[in-house]
>>> print(open('input-v6.cif').read())   # mmCIF, C-alpha atoms
data_my_file
loop_
_atom_site.group_PDB
_atom_site.id
_atom_site.type_symbol
_atom_site.label_atom_id
_atom_site.label_comp_id
_atom_site.auth_asym_id
_atom_site.auth_seq_id
_atom_site.Cartn_x
_atom_site.Cartn_y
_atom_site.Cartn_z
ATOM 1 C CA MET A 23 0.000 0.000 0.000
ATOM 2 C CA GLN A 24 3.039 2.313 -0.048
ATOM 3 C CA GLN A 25 2.203 3.931 -3.389
ATOM 4 C CA THR A 26 -1.395 4.333 -2.285
ATOM 5 C CA PHE A 27 -0.550 6.102 0.956
ATOM 6 C CA ASP A 28 2.014 8.303 -0.806
ATOM 7 C CA PHE A 29 -0.556 9.276 -3.438
ATOM 8 C CA LEU A 30 -3.325 9.943 -0.906
ATOM 9 C CA LYS A 31 -0.988 12.050 1.241
ATOM 10 C CA GLU A 32 -0.072 14.271 -1.703
ATOM 11 C CA LEU A 33 -3.651 14.411 -2.938
ATOM 12 C CA SER A 34 -4.918 15.557 0.462
ATOM 13 C CA LYS A 35 -2.581 18.559 0.222
ATOM 14 C CA ASN A 36 -3.295 19.280 -3.448
ATOM 15 C CA ASN A 37 -6.931 18.374 -4.008
ATOM 16 C CA SER A 38 -7.425 20.087 -7.357
ATOM 17 C CA ARG A 39 -8.006 19.005 -10.934
ATOM 18 C CA GLU A 40 -4.807 20.728 -12.035
ATOM 19 C CA TRP A 41 -2.622 18.762 -9.627
ATOM 20 C CA PHE A 42 -4.477 15.522 -10.312
ATOM 21 C CA HIS A 43 -4.029 15.729 -14.083
ATOM 22 C CA ALA A 44 -0.369 16.679 -13.697
ATOM 23 C CA ASN A 45 0.186 13.638 -11.470
ATOM 24 C CA LYS A 46 -1.875 11.019 -13.269
ATOM 25 C CA PRO A 47 0.962 8.427 -13.084
ATOM 26 C CA LYS A 48 0.771 8.519 -9.272
ATOM 27 C CA TYR A 49 -2.980 8.006 -9.431
ATOM 28 C CA HIS A 50 -2.615 5.090 -11.853
ATOM 29 C CA ALA A 51 0.057 3.462 -9.653
ATOM 30 C CA SER A 52 -2.217 3.693 -6.611
ATOM 31 C CA HIS A 53 -5.208 2.494 -8.607
ATOM 32 C CA GLU A 54 -3.334 -0.574 -9.839
ATOM 33 C CA GLU A 55 -2.099 -1.287 -6.313
ATOM 34 C CA MET A 56 -5.665 -1.154 -5.010
ATOM 35 C CA ILE A 57 -6.930 -3.392 -7.824
ATOM 36 C CA ALA A 58 -4.259 -5.952 -6.958
ATOM 37 C CA PHE A 59 -5.288 -5.819 -3.292
ATOM 38 C CA ALA A 60 -8.970 -6.168 -4.183
ATOM 39 C CA ASP A 61 -8.294 -9.106 -6.497
ATOM 40 C CA ARG A 62 -6.391 -10.925 -3.741
ATOM 41 C CA LEU A 63 -9.195 -10.129 -1.295
ATOM 42 C CA LEU A 64 -11.832 -11.428 -3.694
ATOM 43 C CA GLY A 65 -9.898 -14.667 -4.082
ATOM 44 C CA GLU A 66 -9.842 -15.133 -0.310
ATOM 45 C CA MET A 67 -13.508 -14.230 0.066
ATOM 46 C CA ASN A 68 -14.638 -16.830 -2.430
ATOM 47 C CA LYS A 69 -13.031 -19.502 -0.267
ATOM 48 C CA HIS A 70 -15.670 -18.992 2.441
ATOM 49 C CA ASP A 71 -18.515 -17.060 0.791
ATOM 50 C CA VAL A 72 -20.041 -16.645 -2.659
ATOM 51 C CA ILE A 73 -19.430 -13.153 -4.030
ATOM 52 C CA GLU A 74 -21.200 -11.872 -7.120
ATOM 53 C CA THR A 75 -18.724 -8.998 -7.629
ATOM 54 C CA SER A 76 -16.760 -10.250 -10.624
ATOM 55 C CA SER A 77 -13.358 -8.611 -10.095
ATOM 56 C CA GLY A 78 -11.343 -6.480 -7.732
ATOM 57 C CA LYS A 79 -11.508 -3.589 -10.176
ATOM 58 C CA LYS A 80 -15.298 -3.718 -10.259
ATOM 59 C CA SER A 81 -15.410 -3.643 -6.471
ATOM 60 C CA LEU A 82 -13.546 -0.319 -6.295
ATOM 61 C CA ASN A 83 -15.463 2.925 -5.994
ATOM 62 C CA ARG A 84 -14.453 5.867 -8.160
ATOM 63 C CA ILE A 85 -12.139 8.410 -6.573
ATOM 64 C CA TYR A 86 -14.132 11.313 -8.002
ATOM 65 C CA ARG A 87 -16.484 13.033 -5.564
ATOM 66 C CA ASP A 88 -20.062 13.994 -6.414
ATOM 67 C CA ILE A 89 -19.981 17.678 -5.459
ATOM 68 C CA ARG A 90 -23.269 18.793 -7.001
ATOM 69 C CA PHE A 91 -25.015 19.350 -3.672
ATOM 70 C CA LYS A 92 -22.004 19.689 -1.374
ATOM 71 C CA LYS A 93 -20.465 22.759 0.218
ATOM 72 C CA ASP A 94 -17.068 21.069 0.001
ATOM 73 C CA LYS A 95 -16.123 21.372 -3.661
ATOM 74 C CA THR A 96 -12.837 19.448 -3.533
ATOM 75 C CA PRO A 97 -13.104 17.096 -6.523
ATOM 76 C CA TYR A 98 -11.424 13.920 -5.210
ATOM 77 C CA LYS A 99 -11.802 11.549 -2.301
ATOM 78 C CA THR A 100 -8.717 11.132 -0.136
ATOM 79 C CA HIS A 101 -9.381 7.444 0.421
ATOM 80 C CA TRP A 102 -10.108 4.312 -1.559
ATOM 81 C CA GLY A 103 -13.226 2.300 -0.872
ATOM 82 C CA GLY A 104 -14.958 -0.670 -2.389
ATOM 83 C CA GLY A 105 -17.849 -3.059 -1.967
ATOM 84 C CA LEU A 106 -18.279 -6.800 -2.303
ATOM 85 C CA TYR A 107 -21.773 -8.176 -2.756
ATOM 86 C CA ARG A 108 -22.960 -11.631 -1.761
ATOM 87 C CA ALA A 109 -24.559 -13.706 -4.502
ATOM 88 C CA GLY A 110 -28.109 -15.000 -4.484
ATOM 89 C CA ALA A 111 -31.316 -14.274 -2.594
ATOM 90 C CA GLU A 112 -30.247 -16.734 0.104
ATOM 91 C CA ARG A 113 -27.124 -14.685 0.937
ATOM 92 C CA ARG A 114 -28.066 -11.263 2.232
ATOM 93 C CA GLY A 115 -25.790 -8.412 3.257
ATOM 94 C CA SER A 116 -22.680 -6.850 1.754
ATOM 95 C CA TYR A 117 -19.084 -5.973 2.627
ATOM 96 C CA TYR A 118 -17.168 -2.683 2.388
ATOM 97 C CA TYR A 119 -13.455 -1.865 2.732
ATOM 98 C CA HIS A 120 -11.969 1.605 3.223
ATOM 99 C CA ILE A 121 -8.301 2.597 2.957
ATOM 100 C CA GLY A 122 -7.387 6.168 3.899
ATOM 101 C CA LEU A 123 -5.035 8.501 5.716
ATOM 102 C CA ASN A 124 -7.626 9.281 8.377
ATOM 103 C CA GLY A 125 -8.460 5.666 9.045
ATOM 104 C CA SER A 126 -8.777 2.282 7.405
ATOM 105 C CA PHE A 127 -11.596 -0.074 8.257
ATOM 106 C CA VAL A 128 -14.051 -2.653 7.032
ATOM 107 C CA MET A 129 -17.806 -2.602 7.407
ATOM 108 C CA GLY A 130 -20.528 -5.074 6.660
ATOM 109 C CA GLY A 131 -24.235 -5.596 6.979
ATOM 110 C CA PHE A 132 -27.235 -3.684 5.749
ATOM 111 C CA PHE A 133 -26.505 -0.043 4.913
ATOM 112 C CA GLY A 134 -29.897 0.893 3.489
ATOM 113 C CA PRO A 135 -32.580 -1.772 3.761
ATOM 114 C CA ASN A 136 -35.618 -0.975 1.654
ATOM 115 C CA PRO A 137 -38.871 -0.281 3.549
ATOM 116 C CA GLN A 138 -40.225 -3.789 2.969
ATOM 117 C CA ASP A 139 -37.060 -5.491 4.256
ATOM 118 C CA LEU A 140 -36.802 -3.134 7.224
ATOM 119 C CA LEU A 141 -40.394 -3.814 8.284
ATOM 120 C CA HIS A 142 -39.832 -7.555 7.896
ATOM 121 C CA ILE A 143 -36.693 -7.395 10.070
ATOM 122 C CA ARG A 144 -38.586 -5.455 12.725
ATOM 123 C CA ASN A 145 -41.487 -7.895 12.702
ATOM 124 C CA GLN A 146 -39.071 -10.789 13.100
ATOM 125 C CA LEU A 147 -37.215 -9.088 15.965
ATOM 126 C CA ALA A 148 -40.465 -8.123 17.667
ATOM 127 C CA GLN A 149 -41.597 -11.745 17.581
ATOM 128 C CA TYR A 150 -38.353 -13.496 18.543
ATOM 129 C CA SER A 151 -35.013 -11.724 18.980
ATOM 130 C CA ASP A 152 -33.075 -14.359 20.953
ATOM 131 C CA PRO A 153 -30.884 -15.673 18.068
ATOM 132 C CA PHE A 154 -29.951 -12.127 17.066
ATOM 133 C CA ARG A 155 -29.151 -11.084 20.613
ATOM 134 C CA GLU A 156 -27.012 -14.188 21.087
ATOM 135 C CA VAL A 157 -24.862 -13.072 18.145
ATOM 136 C CA LEU A 158 -24.521 -9.535 19.529
ATOM 137 C CA VAL A 159 -23.325 -10.676 22.963
ATOM 138 C CA SER A 160 -21.010 -13.437 21.755
ATOM 139 C CA LYS A 161 -17.324 -13.163 22.630
ATOM 140 C CA ALA A 162 -16.235 -13.243 18.978
ATOM 141 C CA PHE A 163 -18.627 -10.422 18.086
ATOM 142 C CA LYS A 164 -17.499 -8.246 20.989
ATOM 143 C CA GLU A 165 -13.800 -8.817 20.252
ATOM 144 C CA ASN A 166 -14.103 -8.066 16.540
ATOM 145 C CA PHE A 167 -16.792 -5.405 16.296
ATOM 146 C CA GLY A 168 -17.760 -4.208 19.754
ATOM 147 C CA GLU A 169 -21.356 -3.275 19.066
ATOM 148 C CA LEU A 170 -24.056 -3.010 16.439
ATOM 149 C CA LEU A 171 -23.908 0.253 14.477
ATOM 150 C CA GLY A 172 -26.446 2.122 12.377
ATOM 151 C CA THR A 173 -28.762 5.124 12.461
ATOM 152 C CA GLN A 174 -31.714 4.833 14.801
ATOM 153 C CA LEU A 175 -35.087 6.446 15.285
ATOM 154 C CA LYS A 176 -35.477 8.559 18.398
ATOM 155 C CA THR A 177 -38.787 6.917 19.153
ATOM 156 C CA ALA A 178 -40.657 3.762 18.198
ATOM 157 C CA PRO A 179 -41.190 3.024 14.497
ATOM 158 C CA ARG A 180 -44.733 3.288 13.205
ATOM 159 C CA GLY A 181 -46.811 0.289 14.196
ATOM 160 C CA PHE A 182 -44.734 -0.620 17.272
ATOM 161 C CA GLU A 183 -45.283 0.366 20.892
ATOM 162 C CA LYS A 184 -42.631 2.634 22.398
ATOM 163 C CA TYR A 185 -42.468 0.330 25.432
ATOM 164 C CA HIS A 186 -42.057 -2.827 23.360
ATOM 165 C CA PRO A 187 -39.503 -5.148 25.059
ATOM 166 C CA GLU A 188 -37.411 -5.199 21.843
ATOM 167 C CA ILE A 189 -37.567 -1.437 21.261
ATOM 168 C CA ASP A 190 -33.777 -1.057 21.491
ATOM 169 C CA LEU A 191 -33.470 -3.181 18.322
ATOM 170 C CA LEU A 192 -36.643 -1.988 16.612
ATOM 171 C CA ARG A 193 -35.364 1.598 16.436
ATOM 172 C CA TYR A 194 -32.502 0.652 14.112
ATOM 173 C CA LYS A 195 -32.788 1.780 10.472
ATOM 174 C CA GLN A 196 -29.414 0.266 9.525
ATOM 175 C CA PHE A 197 -27.617 -2.828 10.824
ATOM 176 C CA MET A 198 -23.845 -2.530 10.411
ATOM 177 C CA LEU A 199 -20.556 -3.766 11.829
ATOM 178 C CA ARG A 200 -17.161 -2.065 11.699
ATOM 179 C CA LYS A 201 -13.563 -3.001 12.441
ATOM 180 C CA ASP A 202 -10.645 -0.557 12.249
ATOM 181 C CA PHE A 203 -7.025 -1.197 11.299
ATOM 182 C CA SER A 204 -3.732 0.571 11.954
ATOM 183 C CA ILE A 205 -1.483 1.751 9.132
ATOM 184 C CA ALA A 206 0.956 -1.019 10.061
ATOM 185 C CA GLU A 207 -1.764 -3.617 9.572
ATOM 186 C CA VAL A 208 -2.750 -2.138 6.209
ATOM 187 C CA MET A 209 0.870 -2.136 5.054
ATOM 188 C CA ASP A 210 1.322 -5.831 5.857
ATOM 189 C CA LYS A 211 1.641 -8.001 2.737
ATOM 190 C CA ASN A 212 -1.133 -10.278 4.029
ATOM 191 C CA PHE A 213 -3.616 -7.507 4.743
ATOM 192 C CA HIS A 214 -6.044 -8.998 2.197
ATOM 193 C CA LYS A 215 -6.200 -12.123 4.370
ATOM 194 C CA THR A 216 -6.751 -10.008 7.488
ATOM 195 C CA VAL A 217 -9.682 -8.261 5.793
ATOM 196 C CA SER A 218 -11.103 -11.568 4.571
ATOM 197 C CA ASP A 219 -10.878 -13.007 8.080
ATOM 198 C CA SER A 220 -12.704 -9.956 9.447
ATOM 199 C CA PHE A 221 -15.450 -10.383 6.873
ATOM 200 C CA ARG A 222 -15.678 -14.074 7.758
ATOM 201 C CA SER A 223 -16.179 -13.073 11.395
ATOM 202 C CA MET A 224 -19.296 -11.198 10.291
ATOM 203 C CA ARG A 225 -20.935 -14.362 9.025
ATOM 204 C CA PRO A 226 -22.902 -15.292 12.197
ATOM 205 C CA PHE A 227 -24.434 -11.806 12.079
ATOM 206 C CA LEU A 228 -25.119 -11.953 8.331
ATOM 207 C CA ASP A 229 -26.490 -15.478 8.548
ATOM 208 C CA CYS A 230 -28.862 -14.501 11.347
ATOM 209 C CA MET A 231 -30.089 -11.466 9.410
ATOM 210 C CA THR A 232 -30.454 -13.625 6.300
ATOM 211 C CA ASP A 233 -32.582 -16.123 8.213
ATOM 212 C CA MET A 234 -34.895 -13.299 9.260
ATOM 213 C CA LEU A 235 -35.150 -11.857 5.758
ATOM 214 C CA THR A 236 -35.663 -15.143 3.926
ATOM 215 C CA THR A 237 -38.350 -16.710 6.149
ATOM 216 C CA ASP A 238 -41.835 -15.643 7.157
ATOM 217 C CA LEU A 239 -42.953 -15.272 10.769
ATOM 218 C CA ASN A 240 -43.701 -18.999 10.872
ATOM 219 C CA GLY A 241 -40.180 -19.908 9.763
ATOM 220 C CA ILE A 242 -41.242 -20.895 6.238
ATOM 221 C CA SER A 243 -38.712 -20.102 3.495
ATOM 222 C CA LEU A 244 -39.504 -17.180 1.211
ATOM 223 C CA VAL A 245 -36.799 -18.019 -1.375
#
>>> encode(input="input-v6.cif", output="C-alpha cells")
Amino acid sequence: MQQTFDFLKELSKNNSREWFHANKPKYHASHEEMIAFADRLLGEMNKHDVIETSSGKKSLNRIYRDIRFKKDKTPYKTHWGGGLYRAGAERRGSYYYHIGLNGSFVMGGFFGPNPQDLLHIRNQLAQYSDPFREVLVSKAFKENFGELLGTQLKTAPRGFEKYHPEIDLLRYKQFMLRKDFSIAEVMDKNFHKTVSDSFRSMRPFLDCMTDMLTTDLNGISLV
C-alpha cells in the first residue's frame, strides 16, 4: 500500500483538478495497487462465501467526488473504498473496505434496507429476537466489532409500541458492523487475508439477518 498512501498524502494537500491531471501516473500506480489488493481479497472471500462482484476492479469505488449538492467542492476523495456483494437471494448483506489517511476499516451488513425489508426485520425481531441477541453478545462479536452500528429512530417506528420489550433493536434503520485497522496492519503483505478473516467473522451476524429476511414469521422459506 506504499504507493497508495504516498498518493493519498499528496492528494490531500493538493486536491485540485490541475494537480491531479499533472500527477496522473501517481494516481494510476495507486489504482493498480488497489486493484491488486482487491483481487487478492476477492480470491480469499470466495473460499468462504459466494461473491457476485466479478473482479477487484469492479469492487472499487471511483475516486471522483459527487460535489453537485455539497459545500465542500474538492473534486477527489482522499481514500479508496470498495464493496463486495454476496450472490443469491439466500445470501443477504454486503461488505465494504476503506483505505485512507484518516483511518482504514471494514464494514458489513445492511446499509440501506428498503422499507419492505426493514419492516420484515422489525417484525421478526419483535416476535423473537433471541438468536440475534445471542450473536450480539457473543465473545467473537465483541472482540471483533464491539457493538451493532447504524442510524436509529429517536422513538418507536410506526406500528410498534414505544415500550415494546425489543424497542432497542426496533429503532434501528441500519444494521452494520465495523472493524478498524492501523497503518501497520494495512501495510502488511497479508492484509487482504486479514480483511477476509474480518469479513468471515461477520458471518454469524449476516447469517442470522439472512434467516430473518428469507423466512416468514412462521419460519417458512420465502426463497
>>> closest_residue(input="input-v6.cif", among="A:Ser34, A:Thr173, A:Thr216, A:Gln24", to="A:Pro135", atoms="all atoms listed in the file")
A:Thr173
>>> atom_distance(input="input-v6.cif", atom1="atom CA of A:Ala109", atom2="atom CA of A:Val72")
5.7 Å
>>> resolve_selection(input="input-v6.cif", expression="the PyMOL selection byres ((chain A and resi 170) around 6)", output="MDAnalysis selection string")
chainID A and resid 169 171 199
>>> resolve_selection(input="input-v6.cif", expression="the PyMOL selection byres ((chain A and resi 37) around 7)", output="list in words")
Leu33, Ser34, Lys35, Asn36, Ser38, Thr96, Pro97 and Tyr98 of chain A
>>> residues_around(input="input-v6.cif", residues="A:Met209", least_positions_apart="6", cutoff="12 Å", atoms="all atoms listed in the file", output="list in words")
Met23, Gln24, Gln25, Thr26, Phe27, Glu55, Phe59, Ile121, Gly122, Ser126, Phe203 and Thr216 of chain A
>>> residues_around(input="input-v6.cif", residues="A:Leu123", least_positions_apart="6", cutoff="8 Å", atoms="all atoms listed in the file", output="PyMOL selection string")
chain A and resi 27+30-31+100-101
>>> closest_residue(input="input-v6.cif", among="A:Pro187, A:Arg200, A:Pro226, A:Asn136", to="A:Val159", atoms="only C-alpha atoms")
A:Pro226
>>> resolve_selection(input="input-v6.cif", expression="the PyMOL selection byres ((chain A and resi 227) around 9)", output="MDAnalysis selection string")
chainID A and resid 131 154 157:158 163 199 223:226 228:232
>>> closest_residue(input="input-v6.cif", among="A:Ile85, A:Ile73, A:Ala148, A:Met56", to="A:Val208", atoms="all atoms listed in the file")
A:Met56
>>> closest_residue(input="input-v6.cif", among="A:Trp41, A:Tyr49, A:Tyr107, A:Phe182", to="A:Ser76", atoms="all atoms listed in the file")
A:Tyr107
>>> atom_distance(input="input-v6.cif", atom1="atom CA of A:Leu64", atom2="atom CA of A:Met234")
26.5 Å
>>> residues_around(input="input-v6.cif", residues="A:Lys80", least_positions_apart="2", cutoff="9 Å", atoms="all atoms listed in the file", output="VMD selection string")
chain A and resid 57 75 to 78 82 to 83 104 to 105
>>> closest_residue(input="input-v6.cif", among="A:Lys161, A:Arg144, A:Lys184, A:His70", to="A:Phe197", atoms="all atoms listed in the file")
A:Arg144
>>> closest_residue(input="input-v6.cif", among="A:Lys46, A:Pro179, A:Asp94, A:Glu54", to="A:Asn145", atoms="all atoms listed in the file")
A:Pro179
>>> decode(input="input-v6.cif", residues="stretch 214-236 of chain A", atoms="N, CA, C and O atoms", output="PDB file, in the first residue's frame")
ATOM      1  N   HIS A 214      -4.836  -8.473   2.850  1.00  0.00           N
ATOM      2  CA  HIS A 214      -6.044  -8.998   2.197  1.00  0.00           C
ATOM      3  C   HIS A 214      -6.608 -10.187   2.975  1.00  0.00           C
ATOM      4  O   HIS A 214      -7.829 -10.366   3.045  1.00  0.00           O
ATOM      5  N   LYS A 215      -5.734 -10.989   3.572  1.00  0.00           N
ATOM      6  CA  LYS A 215      -6.200 -12.123   4.370  1.00  0.00           C
ATOM      7  C   LYS A 215      -6.803 -11.638   5.689  1.00  0.00           C
ATOM      8  O   LYS A 215      -7.790 -12.203   6.174  1.00  0.00           O
ATOM      9  N   THR A 216      -6.210 -10.589   6.255  1.00  0.00           N
ATOM     10  CA  THR A 216      -6.751 -10.008   7.488  1.00  0.00           C
ATOM     11  C   THR A 216      -8.162  -9.483   7.248  1.00  0.00           C
ATOM     12  O   THR A 216      -9.063  -9.692   8.069  1.00  0.00           O
ATOM     13  N   VAL A 217      -8.357  -8.791   6.126  1.00  0.00           N
ATOM     14  CA  VAL A 217      -9.682  -8.261   5.793  1.00  0.00           C
ATOM     15  C   VAL A 217     -10.662  -9.405   5.565  1.00  0.00           C
ATOM     16  O   VAL A 217     -11.796  -9.383   6.058  1.00  0.00           O
ATOM     17  N   SER A 218     -10.234 -10.420   4.822  1.00  0.00           N
ATOM     18  CA  SER A 218     -11.103 -11.568   4.571  1.00  0.00           C
ATOM     19  C   SER A 218     -11.508 -12.245   5.877  1.00  0.00           C
ATOM     20  O   SER A 218     -12.680 -12.621   6.059  1.00  0.00           O
ATOM     21  N   ASP A 219     -10.566 -12.391   6.793  1.00  0.00           N
ATOM     22  CA  ASP A 219     -10.878 -13.007   8.080  1.00  0.00           C
ATOM     23  C   ASP A 219     -11.888 -12.161   8.867  1.00  0.00           C
ATOM     24  O   ASP A 219     -12.773 -12.702   9.546  1.00  0.00           O
ATOM     25  N   SER A 220     -11.758 -10.846   8.763  1.00  0.00           N
ATOM     26  CA  SER A 220     -12.704  -9.956   9.447  1.00  0.00           C
ATOM     27  C   SER A 220     -14.094 -10.092   8.847  1.00  0.00           C
ATOM     28  O   SER A 220     -15.102 -10.124   9.571  1.00  0.00           O
ATOM     29  N   PHE A 221     -14.159 -10.177   7.523  1.00  0.00           N
ATOM     30  CA  PHE A 221     -15.450 -10.383   6.873  1.00  0.00           C
ATOM     31  C   PHE A 221     -16.044 -11.746   7.263  1.00  0.00           C
ATOM     32  O   PHE A 221     -17.250 -11.870   7.469  1.00  0.00           O
ATOM     33  N   ARG A 222     -15.186 -12.753   7.362  1.00  0.00           N
ATOM     34  CA  ARG A 222     -15.678 -14.074   7.758  1.00  0.00           C
ATOM     35  C   ARG A 222     -16.268 -14.025   9.174  1.00  0.00           C
ATOM     36  O   ARG A 222     -17.241 -14.723   9.464  1.00  0.00           O
ATOM     37  N   SER A 223     -15.679 -13.199  10.030  1.00  0.00           N
ATOM     38  CA  SER A 223     -16.179 -13.073  11.395  1.00  0.00           C
ATOM     39  C   SER A 223     -17.570 -12.442  11.445  1.00  0.00           C
ATOM     40  O   SER A 223     -18.257 -12.534  12.471  1.00  0.00           O
ATOM     41  N   MET A 224     -17.961 -11.790  10.361  1.00  0.00           N
ATOM     42  CA  MET A 224     -19.296 -11.198  10.291  1.00  0.00           C
ATOM     43  C   MET A 224     -20.381 -12.222   9.962  1.00  0.00           C
ATOM     44  O   MET A 224     -21.578 -11.923  10.054  1.00  0.00           O
ATOM     45  N   ARG A 225     -19.971 -13.406   9.548  1.00  0.00           N
ATOM     46  CA  ARG A 225     -20.935 -14.362   9.025  1.00  0.00           C
ATOM     47  C   ARG A 225     -22.049 -14.747  10.014  1.00  0.00           C
ATOM     48  O   ARG A 225     -23.213 -14.870   9.598  1.00  0.00           O
ATOM     49  N   PRO A 226     -21.777 -14.984  11.302  1.00  0.00           N
ATOM     50  CA  PRO A 226     -22.902 -15.292  12.197  1.00  0.00           C
ATOM     51  C   PRO A 226     -23.965 -14.195  12.193  1.00  0.00           C
ATOM     52  O   PRO A 226     -25.169 -14.487  12.205  1.00  0.00           O
ATOM     53  N   PHE A 227     -23.511 -12.939  12.153  1.00  0.00           N
ATOM     54  CA  PHE A 227     -24.434 -11.806  12.079  1.00  0.00           C
ATOM     55  C   PHE A 227     -25.195 -11.806  10.757  1.00  0.00           C
ATOM     56  O   PHE A 227     -26.427 -11.698  10.728  1.00  0.00           O
ATOM     57  N   LEU A 228     -24.475 -11.953   9.641  1.00  0.00           N
ATOM     58  CA  LEU A 228     -25.119 -11.953   8.331  1.00  0.00           C
ATOM     59  C   LEU A 228     -26.059 -13.140   8.169  1.00  0.00           C
ATOM     60  O   LEU A 228     -27.145 -13.006   7.585  1.00  0.00           O
ATOM     61  N   ASP A 229     -25.648 -14.295   8.671  1.00  0.00           N
ATOM     62  CA  ASP A 229     -26.490 -15.478   8.548  1.00  0.00           C
ATOM     63  C   ASP A 229     -27.780 -15.325   9.350  1.00  0.00           C
ATOM     64  O   ASP A 229     -28.858 -15.749   8.903  1.00  0.00           O
ATOM     65  N   CYS A 230     -27.675 -14.716  10.526  1.00  0.00           N
ATOM     66  CA  CYS A 230     -28.862 -14.501  11.347  1.00  0.00           C
ATOM     67  C   CYS A 230     -29.810 -13.514  10.665  1.00  0.00           C
ATOM     68  O   CYS A 230     -31.034 -13.750  10.615  1.00  0.00           O
ATOM     69  N   MET A 231     -29.265 -12.432  10.134  1.00  0.00           N
ATOM     70  CA  MET A 231     -30.089 -11.466   9.410  1.00  0.00           C
ATOM     71  C   MET A 231     -30.702 -12.101   8.170  1.00  0.00           C
ATOM     72  O   MET A 231     -31.869 -11.846   7.834  1.00  0.00           O
ATOM     73  N   THR A 232     -29.942 -12.937   7.487  1.00  0.00           N
ATOM     74  CA  THR A 232     -30.454 -13.625   6.300  1.00  0.00           C
ATOM     75  C   THR A 232     -31.619 -14.533   6.660  1.00  0.00           C
ATOM     76  O   THR A 232     -32.630 -14.577   5.941  1.00  0.00           O
ATOM     77  N   ASP A 233     -31.492 -15.258   7.769  1.00  0.00           N
ATOM     78  CA  ASP A 233     -32.582 -16.123   8.213  1.00  0.00           C
ATOM     79  C   ASP A 233     -33.864 -15.314   8.427  1.00  0.00           C
ATOM     80  O   ASP A 233     -34.962 -15.751   8.057  1.00  0.00           O
ATOM     81  N   MET A 234     -33.719 -14.131   9.028  1.00  0.00           N
ATOM     82  CA  MET A 234     -34.895 -13.299   9.260  1.00  0.00           C
ATOM     83  C   MET A 234     -35.512 -12.822   7.945  1.00  0.00           C
ATOM     84  O   MET A 234     -36.738 -12.798   7.787  1.00  0.00           O
ATOM     85  N   LEU A 235     -34.660 -12.443   7.005  1.00  0.00           N
ATOM     86  CA  LEU A 235     -35.150 -11.857   5.758  1.00  0.00           C
ATOM     87  C   LEU A 235     -35.696 -12.888   4.777  1.00  0.00           C
ATOM     88  O   LEU A 235     -36.463 -12.548   3.875  1.00  0.00           O
ATOM     89  N   THR A 236     -35.280 -14.140   4.927  1.00  0.00           N
ATOM     90  CA  THR A 236     -35.663 -15.143   3.926  1.00  0.00           C
ATOM     91  C   THR A 236     -36.700 -16.147   4.456  1.00  0.00           C
ATOM     92  O   THR A 236     -36.973 -17.144   3.803  1.00  0.00           O
TER      93      THR A 236
END
